[in-house]
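Chemist: One structure coming up, written as structure tokens, with questions to follow.
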Amino acid sequence: MLRWARAWRLPVRALGPCNLSFSGVPVAHSSSGRSGAEPRSVLLSYKLLDGEAARPALVFLHGLFGSKTNFNSIAKALAQQTGRRVLTVDARNHGDSPHSPEMSYEAMSQDLQDLLPQLGLVPCVLIGHSMGGKTAMLLALQRSWWNA
């Protein structure tokens with residue numbers, strides 16, 4: 001499997017220089033009828049495994065139809081092996097988190113923007129699968145100053 005994956009790797013030099021800048025990336029507003037308003041956040045259900053506060057925490061975001069329990073094994077192992085705090089979160093309308101008629105990546109990002117500072121987890125390492133990955137990317141674009 002690894003040999004096949006290596007054989008299909010593109011040579012980096014063939015792609016040429018890359019000058020991408022995301023500082024001015026526009027973010028589409030949700031279609032919830034509240035034009036221009038920030039999404040109303042919900043109080044997310046989460047599990048925080050203890051670790052060193054000096055190192056950035058690992059934050060796991062699940063995919064569509066998933067829940068924070070999807071990451072129980074890996075979260076526990078990483079907390080033990082790295083000594084970092086590890087957070088697993090149920091997205092809105094998933095698992096034990098409240099349900100809301102508003103469901104958008106902007107709303108899910110806003111939920112995390114409210115939760116992470118409350119828990120003292122800024123900056124952090126965002127790790128997302130599928131829907132969680134898209135939420136992590138949007139949050140990183142919206143709050144790049146967290147890592148400054």
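Lettering and numbering for the structure tokens are positional, with chains as A, B, ... in the shown order, residues counted from 1 in each chain, and ligands counted from 1 in the shown order.
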Mind checking which residues fall within 12 Å of region 38-48 of chain A, counting only C-alpha atoms, ignoring those fewer than 6 positions away in the same chain, and posting them as a VMD selection string?
Modeler: chain A and resid 27 to 32 57 to 62 67 to 72 75 to 76 79 84 to 116 118 to 121
Chemist: Would you give me, as JSON, numbers by chain, the residues in region 49-134 of chain A that DSSP reads as strand (DSSP E)?
Modeler: {"A": [49, 57, 58, 59, 60, 61, 86, 87, 88, 89, 124, 125, 126, 127, 128]}
Chemist: Please produce a file of those selected residues containing N, CA, C and O atoms, as a compact mmCIF listing (two decimals), in the first residue's frame.
Modeler:
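Listing of part_13.txt after writing:
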```txt
# COMPACT_ATOMS: atom_id res chain seq x y z
N LEU A 49 -9.41 15.66 28.35
CA LEU A 49 -8.45 14.83 29.05
C LEU A 49 -7.30 15.73 29.51
O LEU A 49 -6.78 16.52 28.73
N ALA A 57 -3.17 22.23 23.24
CA ALA A 57 -4.04 21.06 23.32
C ALA A 57 -4.35 20.53 21.93
O ALA A 57 -4.27 21.26 20.93
N LEU A 58 -4.72 19.26 21.87
CA LEU A 58 -5.20 18.64 20.63
C LEU A 58 -6.73 18.64 20.69
O LEU A 58 -7.31 18.19 21.68
N VAL A 59 -7.38 19.15 19.65
CA VAL A 59 -8.84 19.24 19.61
C VAL A 59 -9.34 18.40 18.45
O VAL A 59 -9.00 18.67 17.29
N PHE A 60 -10.13 17.38 18.74
CA PHE A 60 -10.67 16.48 17.73
C PHE A 60 -12.10 16.86 17.38
O PHE A 60 -12.95 16.99 18.27
N LEU A 61 -12.37 16.99 16.07
CA LEU A 61 -13.70 17.34 15.57
C LEU A 61 -14.17 16.22 14.64
O LEU A 61 -13.52 15.92 13.63
N VAL A 86 -6.23 16.88 25.70
CA VAL A 86 -6.91 16.44 24.49
C VAL A 86 -8.41 16.68 24.67
O VAL A 86 -9.00 16.22 25.66
N LEU A 87 -9.00 17.40 23.72
CA LEU A 87 -10.42 17.73 23.77
C LEU A 87 -11.14 17.03 22.63
O LEU A 87 -10.71 17.11 21.48
N THR A 88 -12.23 16.34 22.96
CA THR A 88 -13.12 15.81 21.93
C THR A 88 -14.46 16.53 22.11
O THR A 88 -14.92 16.74 23.24
N VAL A 89 -15.06 16.92 21.00
CA VAL A 89 -16.24 17.78 21.03
C VAL A 89 -17.35 17.17 20.19
O VAL A 89 -17.10 16.65 19.10
N CYS A 124 -4.43 26.08 19.92
CA CYS A 124 -4.57 24.63 19.99
C CYS A 124 -4.28 24.03 18.62
O CYS A 124 -4.12 24.75 17.63
N VAL A 125 -4.24 22.71 18.58
CA VAL A 125 -4.07 21.98 17.33
C VAL A 125 -5.43 21.40 16.98
O VAL A 125 -5.98 20.61 17.74
N LEU A 126 -5.99 21.80 15.83
CA LEU A 126 -7.30 21.31 15.40
C LEU A 126 -7.11 20.10 14.50
O LEU A 126 -6.34 20.15 13.53
N ILE A 127 -7.83 19.02 14.80
CA ILE A 127 -7.77 17.79 14.02
C ILE A 127 -9.20 17.41 13.70
O ILE A 127 -9.98 17.12 14.61
N GLY A 128 -9.55 17.44 12.42
CA GLY A 128 -10.93 17.15 12.06
C GLY A 128 -11.05 16.12 10.97
O GLY A 128 -10.20 16.02 10.09
```
Chemist: Rounded to one decimal place, report the CA of Ser144 (chain A)-CA of Pro123 (chain A) distance in Å.
Modeler: 9.7 Å
Chemist: Write out as a list in words all residues of region 95-139 of chain A that backbone DSSP assigns to alpha helix (DSSP H).
Modeler: Tyr105, Glu106, Ala107, Met108, Ser109, Gln110, Asp111, Leu112, Gln113, Asp114, Leu115, Leu116, Pro117, Gln118, Met131, Gly132, Gly133, Lys134, Thr135, Ala136, Met137, Leu138 and Leu139 of chain A
Chemist: Could you save the residues just selected, with N, CA, C and O atoms, as a CSV table (one decimal), in the first residue's frame?
Modeler:
```
chain,number,residue,atom,x,y,z
A,105,TYR,N,-21.3,25.6,8.6
A,105,TYR,CA,-19.9,25.6,9.0
A,105,TYR,C,-19.6,26.9,9.8
A,105,TYR,O,-18.8,26.8,10.8
A,106,GLU,N,-20.2,28.0,9.4
A,106,GLU,CA,-20.0,29.2,10.2
A,106,GLU,C,-20.5,29.1,11.6
A,106,GLU,O,-19.9,29.5,12.6
A,107,ALA,N,-21.7,28.4,11.8
A,107,ALA,CA,-22.2,28.2,13.1
A,107,ALA,C,-21.4,27.3,13.9
A,107,ALA,O,-21.1,27.5,15.1
A,108,MET,N,-20.9,26.2,13.3
A,108,MET,CA,-20.0,25.3,14.0
A,108,MET,C,-18.7,25.9,14.4
A,108,MET,O,-18.2,25.7,15.5
A,109,SER,N,-18.2,26.8,13.5
A,109,SER,CA,-16.9,27.5,13.9
A,109,SER,C,-17.2,28.4,15.0
A,109,SER,O,-16.3,28.6,15.9
A,110,GLN,N,-18.3,29.1,15.0
A,110,GLN,CA,-18.6,30.1,16.1
A,110,GLN,C,-18.7,29.3,17.4
A,110,GLN,O,-18.3,29.8,18.4
A,111,ASP,N,-19.3,28.2,17.4
A,111,ASP,CA,-19.5,27.4,18.6
A,111,ASP,C,-18.1,27.1,19.2
A,111,ASP,O,-17.8,27.3,20.4
A,112,LEU,N,-17.1,26.8,18.4
A,112,LEU,CA,-15.7,26.5,18.9
A,112,LEU,C,-15.0,27.8,19.3
A,112,LEU,O,-14.3,27.8,20.2
A,113,GLN,N,-15.3,28.9,18.6
A,113,GLN,CA,-14.7,30.2,18.9
A,113,GLN,C,-15.1,30.6,20.3
A,113,GLN,O,-14.4,31.3,21.0
A,114,ASP,N,-16.3,30.2,20.7
A,114,ASP,CA,-16.8,30.5,22.1
A,114,ASP,C,-16.3,29.5,23.1
A,114,ASP,O,-15.9,29.9,24.2
A,115,LEU,N,-16.2,28.2,22.7
A,115,LEU,CA,-15.8,27.2,23.7
A,115,LEU,C,-14.3,27.2,24.0
A,115,LEU,O,-13.9,27.1,25.2
A,116,LEU,N,-13.5,27.2,23.0
A,116,LEU,CA,-12.0,27.1,23.2
A,116,LEU,C,-11.4,28.1,24.2
A,116,LEU,O,-10.7,27.7,25.1
A,117,PRO,N,-11.7,29.4,24.1
A,117,PRO,CA,-11.2,30.3,25.1
A,117,PRO,C,-11.7,30.1,26.5
A,117,PRO,O,-11.0,30.3,27.4
A,118,GLN,N,-13.0,29.7,26.6
A,118,GLN,CA,-13.5,29.4,27.9
A,118,GLN,C,-12.8,28.3,28.6
A,118,GLN,O,-12.6,28.3,29.8
A,131,MET,N,-16.6,16.6,8.0
A,131,MET,CA,-17.2,17.8,8.4
A,131,MET,C,-16.4,18.5,9.5
A,131,MET,O,-16.3,19.8,9.5
A,132,GLY,N,-15.8,17.8,10.4
A,132,GLY,CA,-14.9,18.4,11.4
A,132,GLY,C,-13.7,19.0,10.8
A,132,GLY,O,-13.2,20.1,11.3
A,133,GLY,N,-13.2,18.5,9.7
A,133,GLY,CA,-12.0,19.0,9.0
A,133,GLY,C,-12.4,20.3,8.3
A,133,GLY,O,-11.6,21.3,8.4
A,134,LYS,N,-13.6,20.4,7.7
A,134,LYS,CA,-14.0,21.6,7.1
A,134,LYS,C,-14.2,22.7,8.2
A,134,LYS,O,-13.9,23.9,8.0
A,135,THR,N,-14.8,22.3,9.3
A,135,THR,CA,-15.0,23.3,10.4
A,135,THR,C,-13.6,23.8,10.9
A,135,THR,O,-13.5,25.0,11.1
A,136,ALA,N,-12.7,22.9,11.0
A,136,ALA,CA,-11.3,23.3,11.5
A,136,ALA,C,-10.7,24.2,10.5
A,136,ALA,O,-10.1,25.2,10.9
A,137,MET,N,-10.8,24.0,9.2
A,137,MET,CA,-10.2,24.9,8.2
A,137,MET,C,-10.9,26.3,8.3
A,137,MET,O,-10.2,27.3,8.2
A,138,LEU,N,-12.2,26.3,8.4
A,138,LEU,CA,-12.9,27.6,8.5
A,138,LEU,C,-12.4,28.4,9.8
A,138,LEU,O,-12.1,29.6,9.7
A,139,LEU,N,-12.4,27.7,10.9
A,139,LEU,CA,-12.0,28.3,12.1
A,139,LEU,C,-10.5,28.8,12.0
A,139,LEU,O,-10.2,30.0,12.4
```
Chemist: For Arg143 (chain A), which of A:Ala53, A:Ala77, A:Val122, A:Phe65 is the closest residue, counting only C-alpha atoms?
Modeler: A:Val122
Chemist: So the first atom is CA of His129 (chain A) and the second is CA of Ile74 (chain A); what is the distance between them in Å, to one decimal place?
Modeler: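 Pair CA of His129 (chain A) / CA of Ile74 (chain A) returns 13.2 Å.
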